[in-house]
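Next up, work.pdb (PDB, C-alpha atoms):
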```
ATOM      1  CA  MET A1199      38.037  44.123 -85.794  1.00  0.00           C
ATOM      2  CA  ASN A1200      36.807  43.687 -89.362  1.00  0.00           C
ATOM      3  CA  GLU A1201      34.037  41.387 -88.164  1.00  0.00           C
ATOM      4  CA  VAL A1202      32.968  43.933 -85.541  1.00  0.00           C
ATOM      5  CA  TYR A1203      32.779  46.673 -88.158  1.00  0.00           C
ATOM      6  CA  LEU A1204      30.803  44.415 -90.488  1.00  0.00           C
ATOM      7  CA  ARG A1205      28.376  43.503 -87.724  1.00  0.00           C
ATOM      8  CA  MET A1206      28.088  47.175 -86.769  1.00  0.00           C
ATOM      9  CA  TRP A1207      27.332  48.122 -90.379  1.00  0.00           C
ATOM     10  CA  ARG A1208      24.775  45.332 -90.782  1.00  0.00           C
ATOM     11  CA  SER A1209      22.966  46.173 -87.540  1.00  0.00           C
ATOM     12  CA  PHE A1210      23.096  49.961 -87.748  1.00  0.00           C
ATOM     13  CA  HIS A1211      19.329  49.985 -88.281  1.00  0.00           C
ATOM     14  CA  THR A1212      18.946  48.617 -84.712  1.00  0.00           C
ATOM     15  CA  TYR A1213      20.802  51.543 -83.136  1.00  0.00           C
ATOM     16  CA  ASP A1214      18.615  53.370 -80.624  1.00  0.00           C
ATOM     17  CA  SER A1215      19.583  57.054 -80.863  1.00  0.00           C
ATOM     18  CA  SER A1216      18.301  57.662 -77.331  1.00  0.00           C
ATOM     19  CA  ARG A1217      21.202  55.578 -75.981  1.00  0.00           C
ATOM     20  CA  PRO A1218      24.933  56.337 -76.228  1.00  0.00           C
ATOM     21  CA  LEU A1219      26.714  55.045 -79.336  1.00  0.00           C
ATOM     22  CA  ARG A1220      29.504  53.761 -77.108  1.00  0.00           C
ATOM     23  CA  PHE A1221      27.079  51.470 -75.263  1.00  0.00           C
ATOM     24  CA  TRP A1222      25.690  50.069 -78.530  1.00  0.00           C
ATOM     25  CA  LEU A1223      29.165  49.536 -79.979  1.00  0.00           C
ATOM     26  CA  HIS A1224      30.420  47.826 -76.808  1.00  0.00           C
ATOM     27  CA  GLY A1225      27.410  45.502 -76.997  1.00  0.00           C
ATOM     28  CA  ILE A1226      28.229  44.554 -80.586  1.00  0.00           C
ATOM     29  CA  THR A1227      31.881  44.052 -79.709  1.00  0.00           C
ATOM     30  CA  VAL A1228      31.163  41.879 -76.674  1.00  0.00           C
ATOM     31  CA  ARG A1229      28.710  39.697 -78.576  1.00  0.00           C
ATOM     32  CA  GLN A1230      31.215  39.297 -81.435  1.00  0.00           C
ATOM     33  CA  VAL A1231      33.907  38.188 -78.998  1.00  0.00           C
ATOM     34  CA  GLN A1232      31.490  35.687 -77.471  1.00  0.00           C
ATOM     35  CA  ASP A1233      30.733  34.319 -80.941  1.00  0.00           C
ATOM     36  CA  TRP A1234      34.406  33.934 -81.713  1.00  0.00           C
ATOM     37  CA  LYS A1235      35.007  32.144 -78.438  1.00  0.00           C
ATOM     38  CA  ARG A1236      32.040  29.840 -78.926  1.00  0.00           C
ATOM     39  CA  LYS A1237      33.202  28.912 -82.434  1.00  0.00           C
ATOM     40  CA  ALA A1238      36.826  28.513 -81.287  1.00  0.00           C
ATOM     41  CA  TRP A1239      38.164  30.945 -83.860  1.00  0.00           C
ATOM     42  CA  ARG A1240      40.806  33.089 -82.343  1.00  0.00           C
ATOM     43  CA  ARG A1241      41.208  34.613 -78.937  1.00  0.00           C
ATOM     44  CA  ILE A1242      41.160  38.356 -78.582  1.00  0.00           C
ATOM     45  CA  ARG A1243      43.165  40.103 -75.943  1.00  0.00           C
ATOM     46  CA  LEU A1244      40.737  42.249 -73.982  1.00  0.00           C
ATOM     47  CA  PHE A1245      43.126  44.818 -72.685  1.00  0.00           C
ATOM     48  CA  GLU A1246      46.541  46.273 -73.361  1.00  0.00           C
ATOM     49  CA  LEU A1247      46.891  48.076 -70.076  1.00  0.00           C
ATOM     50  CA  ASN A1248      50.272  46.531 -69.294  1.00  0.00           C
ATOM     51  CA  ARG A1249      51.716  47.713 -72.593  1.00  0.00           C
ATOM     52  CA  GLN A1250      50.295  51.196 -72.134  1.00  0.00           C
ATOM     53  CA  MET A1251      51.633  51.452 -68.612  1.00  0.00           C
ATOM     54  CA  ALA A1252      55.083  50.321 -69.742  1.00  0.00           C
ATOM     55  CA  CYS A1253      55.134  53.034 -72.418  1.00  0.00           C
ATOM     56  CA  GLU A1254      54.007  55.893 -70.211  1.00  0.00           C
ATOM     57  CA  GLN A1255      56.543  58.068 -68.430  1.00  0.00           C
ATOM     58  CA  PHE A1256      56.019  58.548 -64.706  1.00  0.00           C
ATOM     59  CA  GLU A1257      57.866  60.374 -62.014  1.00  0.00           C
ATOM     60  CA  TRP A1258      58.102  57.413 -59.731  1.00  0.00           C
ATOM     61  CA  THR A1259      57.499  57.857 -56.046  1.00  0.00           C
ATOM     62  CA  ASP A1260      57.168  55.067 -53.539  1.00  0.00           C
ATOM     63  CA  LYS A1261      53.389  55.414 -53.628  1.00  0.00           C
ATOM     64  CA  ALA A1262      53.310  55.403 -57.460  1.00  0.00           C
ATOM     65  CA  VAL A1263      55.567  52.337 -57.608  1.00  0.00           C
ATOM     66  CA  LEU A1264      53.397  50.435 -55.143  1.00  0.00           C
ATOM     67  CA  GLN A1265      50.216  51.431 -56.978  1.00  0.00           C
ATOM     68  CA  SER A1266      51.683  50.375 -60.324  1.00  0.00           C
ATOM     69  CA  GLU A1267      52.794  47.008 -58.941  1.00  0.00           C
ATOM     70  CA  MET A1268      49.346  46.482 -57.438  1.00  0.00           C
ATOM     71  CA  GLN A1269      47.661  47.317 -60.754  1.00  0.00           C
ATOM     72  CA  HIS A1270      49.904  44.838 -62.591  1.00  0.00           C
ATOM     73  CA  GLU A1271      49.091  42.170 -60.031  1.00  0.00           C
ATOM     74  CA  LEU A1272      45.357  42.908 -60.217  1.00  0.00           C
ATOM     75  CA  ILE A1273      45.365  42.787 -64.022  1.00  0.00           C
ATOM     76  CA  SER A1274      47.240  39.498 -63.887  1.00  0.00           C
ATOM     77  CA  HIS A1275      44.591  38.047 -61.564  1.00  0.00           C
ATOM     78  CA  VAL A1276      41.723  39.377 -63.721  1.00  0.00           C
ATOM     79  CA  ARG A1277      43.257  37.724 -66.792  1.00  0.00           C
ATOM     80  CA  GLN A1278      43.210  34.381 -64.983  1.00  0.00           C
ATOM     81  CA  LEU A1279      39.444  34.520 -64.410  1.00  0.00           C
ATOM     82  CA  SER A1280      37.152  32.511 -66.654  1.00  0.00           C
ATOM     83  CA  TYR A1281      35.917  34.363 -69.733  1.00  0.00           C
ATOM     84  CA  LYS A1282      32.395  34.924 -68.357  1.00  0.00           C
ATOM     85  CA  LEU A1283      33.669  36.375 -65.076  1.00  0.00           C
ATOM     86  CA  ARG A1284      36.418  38.396 -66.753  1.00  0.00           C
ATOM     87  CA  VAL A1285      33.987  40.141 -69.131  1.00  0.00           C
ATOM     88  CA  VAL A1286      31.798  41.293 -66.247  1.00  0.00           C
ATOM     89  CA  VAL A1287      34.808  42.619 -64.288  1.00  0.00           C
ATOM     90  CA  ILE A1288      36.217  44.454 -67.310  1.00  0.00           C
ATOM     91  CA  LEU A1289      32.900  46.060 -68.222  1.00  0.00           C
ATOM     92  CA  ARG A1290      32.156  46.986 -64.605  1.00  0.00           C
ATOM     93  CA  TYR A1291      35.503  48.309 -63.416  1.00  0.00           C
ATOM     94  CA  PHE A1292      37.427  49.241 -66.570  1.00  0.00           C
ATOM     95  CA  HIS A1293      34.477  50.726 -68.493  1.00  0.00           C
ATOM     96  CA  ASP A1294      32.294  51.796 -65.526  1.00  0.00           C
ATOM     97  CA  TYR A1295      29.064  50.172 -66.698  1.00  0.00           C
ATOM     98  CA  ALA A1296      26.248  49.512 -64.226  1.00  0.00           C
ATOM     99  CA  LEU A1297      25.234  45.892 -63.682  1.00  0.00           C
ATOM    100  CA  GLU A1298      21.935  46.517 -65.489  1.00  0.00           C
ATOM    101  CA  GLU A1299      23.798  47.935 -68.500  1.00  0.00           C
ATOM    102  CA  ILE A1300      26.115  44.912 -68.553  1.00  0.00           C
ATOM    103  CA  ALA A1301      23.088  42.591 -68.500  1.00  0.00           C
ATOM    104  CA  ASP A1302      21.555  44.493 -71.405  1.00  0.00           C
ATOM    105  CA  MET A1303      24.822  44.482 -73.325  1.00  0.00           C
ATOM    106  CA  LEU A1304      25.462  40.749 -72.809  1.00  0.00           C
ATOM    107  CA  GLN A1305      21.768  39.947 -73.275  1.00  0.00           C
ATOM    108  CA  ILE A1306      21.588  37.969 -70.032  1.00  0.00           C
ATOM    109  CA  PRO A1307      19.486  38.456 -66.869  1.00  0.00           C
ATOM    110  CA  VAL A1308      20.673  40.993 -64.280  1.00  0.00           C
ATOM    111  CA  GLY A1309      20.741  38.193 -61.707  1.00  0.00           C
ATOM    112  CA  THR A1310      23.267  36.321 -63.824  1.00  0.00           C
ATOM    113  CA  VAL A1311      25.463  39.418 -64.045  1.00  0.00           C
ATOM    114  CA  LYS A1312      25.226  39.892 -60.272  1.00  0.00           C
ATOM    115  CA  SER A1313      26.135  36.249 -59.717  1.00  0.00           C
ATOM    116  CA  ARG A1314      29.131  36.449 -62.061  1.00  0.00           C
ATOM    117  CA  HIS A1315      30.198  39.737 -60.458  1.00  0.00           C
ATOM    118  CA  HIS A1316      30.017  38.174 -56.989  1.00  0.00           C
ATOM    119  CA  LEU A1317      31.922  35.053 -58.093  1.00  0.00           C
ATOM    120  CA  ALA A1318      34.601  37.145 -59.808  1.00  0.00           C
ATOM    121  CA  LEU A1319      35.179  39.288 -56.714  1.00  0.00           C
ATOM    122  CA  LYS A1320      35.260  36.184 -54.528  1.00  0.00           C
ATOM    123  CA  GLU A1321      37.835  34.595 -56.845  1.00  0.00           C
ATOM    124  CA  LEU A1322      39.952  37.770 -56.928  1.00  0.00           C
ATOM    125  CA  ARG A1323      39.899  38.004 -53.123  1.00  0.00           C
ATOM    126  CA  LYS A1324      40.973  34.374 -52.890  1.00  0.00           C
ATOM    127  CA  ARG A1325      43.835  34.902 -55.347  1.00  0.00           C
ATOM    128  CA  PHE A1326      45.046  38.013 -53.517  1.00  0.00           C
ATOM    129  CA  ASP A1327      44.973  36.099 -50.224  1.00  0.00           C
ATOM    130  CA  MET A1328      47.059  33.330 -51.810  1.00  0.00           C
ATOM    131  CA  THR A1329      49.683  35.813 -53.065  1.00  0.00           C
ATOM    132  CA  GLY A1330      49.763  37.784 -49.852  1.00  0.00           C
ATOM    133  CA  GLY A1331      48.261  40.908 -51.445  1.00  0.00           C
ATOM    134  CA  ASP A1332      46.863  43.496 -49.100  1.00  0.00           C
ATOM    135  CA  VAL A1333      44.209  44.684 -51.508  1.00  0.00           C
ATOM    136  CA  TYR A1334      40.565  44.537 -50.599  1.00  0.00           C
ATOM    137  CA  VAL A1335      38.549  44.049 -53.783  1.00  0.00           C
ATOM    138  CA  HIS A1336      35.354  45.978 -53.202  1.00  0.00           C
TER     139      HIS A1336
END
```

Kindly transcribe the structure held in the file into structure tokens.
Amino acid sequence: MNEVYLRMWRSFHTYDSSRPLRFWLHGITVRQVQDWKRKAWRRIRLFELNRQMACEQFEWTDKAVLQSEMQHELISHVRQLSYKLRVVVILRYFHDYALEEIADMLQIPVGTVKSRHHLALKELRKRFDMTGGDVYVH
């Protein structure tokens, strides 16, 4: 996190005030993670959803239990994707970015994002078929 804050501080002059701060900060964060991965420093866990779900109190119904189990299974499958595919899935479905915004954030062509998105969904469908999951990844 310190490196992200340093990079944010150093590149604050590049912030475009016509765009959301969140978008700019996510871009810095994603690029920093890519740098760390490329340089083989340390791996960063991209989400703590399992921990958060375990801490939250729910009134469990059959539907809630099934949905929770499905979410755990989906998150497990997303974590098994390659880094490039996983980033696109996380930004698209966990942060609700459009494909064009993801391309801008990752500084890659939109076609590459679309290709990675397609491959990730194909891989997730295949993994759900192998585990007998009834989920249709759309």

Original post:
Once the PyMOL selection byres ((chain A and resi 1291-1306) around 9) has been applied to the shown file, what residues remain in the selection, as an MDAnalysis selection string?
Top reply: chainID A and resid 1221:1222 1224:1226 1228:1229 1286:1290 1307:1312 1315

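Selection by the PyMOL selection byres ((chain A and resi 1279) around 12) on the present file picks out Leu1272, Ile1273, Ser1274, His1275, Val1276, Arg1277, Gln1278, Ser1280, Tyr1281, Lys1282, Leu1283, Arg1284, Val1285, Val1286, Val1287, Ile1288, Arg1314, His1315, Leu1317, Ala1318, Leu1319, Lys1320, Glu1321, Leu1322, Arg1323, Lys1324 and Arg1325 of chain A.
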
Selection above as a file: C-alpha atoms, as a PDB file, in the coordinates of the input:
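Contents of again29.pdb, freshly written:
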```pdb
ATOM      1  CA  LEU A1272      45.357  42.908 -60.217  1.00  0.00           C
ATOM      2  CA  ILE A1273      45.365  42.787 -64.022  1.00  0.00           C
ATOM      3  CA  SER A1274      47.240  39.498 -63.887  1.00  0.00           C
ATOM      4  CA  HIS A1275      44.591  38.047 -61.564  1.00  0.00           C
ATOM      5  CA  VAL A1276      41.723  39.377 -63.721  1.00  0.00           C
ATOM      6  CA  ARG A1277      43.257  37.724 -66.792  1.00  0.00           C
ATOM      7  CA  GLN A1278      43.210  34.381 -64.983  1.00  0.00           C
ATOM      8  CA  SER A1280      37.152  32.511 -66.654  1.00  0.00           C
ATOM      9  CA  TYR A1281      35.917  34.363 -69.733  1.00  0.00           C
ATOM     10  CA  LYS A1282      32.395  34.924 -68.357  1.00  0.00           C
ATOM     11  CA  LEU A1283      33.669  36.375 -65.076  1.00  0.00           C
ATOM     12  CA  ARG A1284      36.418  38.396 -66.753  1.00  0.00           C
ATOM     13  CA  VAL A1285      33.987  40.141 -69.131  1.00  0.00           C
ATOM     14  CA  VAL A1286      31.798  41.293 -66.247  1.00  0.00           C
ATOM     15  CA  VAL A1287      34.808  42.619 -64.288  1.00  0.00           C
ATOM     16  CA  ILE A1288      36.217  44.454 -67.310  1.00  0.00           C
ATOM     17  CA  ARG A1314      29.131  36.449 -62.061  1.00  0.00           C
ATOM     18  CA  HIS A1315      30.198  39.737 -60.458  1.00  0.00           C
ATOM     19  CA  LEU A1317      31.922  35.053 -58.093  1.00  0.00           C
ATOM     20  CA  ALA A1318      34.601  37.145 -59.808  1.00  0.00           C
ATOM     21  CA  LEU A1319      35.179  39.288 -56.714  1.00  0.00           C
ATOM     22  CA  LYS A1320      35.260  36.184 -54.528  1.00  0.00           C
ATOM     23  CA  GLU A1321      37.835  34.595 -56.845  1.00  0.00           C
ATOM     24  CA  LEU A1322      39.952  37.770 -56.928  1.00  0.00           C
ATOM     25  CA  ARG A1323      39.899  38.004 -53.123  1.00  0.00           C
ATOM     26  CA  LYS A1324      40.973  34.374 -52.890  1.00  0.00           C
ATOM     27  CA  ARG A1325      43.835  34.902 -55.347  1.00  0.00           C
TER      28      ARG A1325
END
```

Enclosing box along x, y and z for every listed atom of region 1287-1304 of chain A, padded 5 Å each side, centre and size in Å, one decimal, as AutoDock Vina command-line options:
```
--center_x 29.5 --center_y 46.3 --center_z -68.4 --size_x 25.9 --size_y 21.0 --size_z 19.9
```

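CA of Pro1218 (chain A) is positioned 20.3 Å from CA of Met1199 (chain A).
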
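Note that CA of Met1268 (chain A) and CA of Lys1235 (chain A) are 29.2 Å apart.
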
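Coordinates place CA of Ser1215 (chain A) at a distance of 22.5 Å from CA of Glu1201 (chain A).
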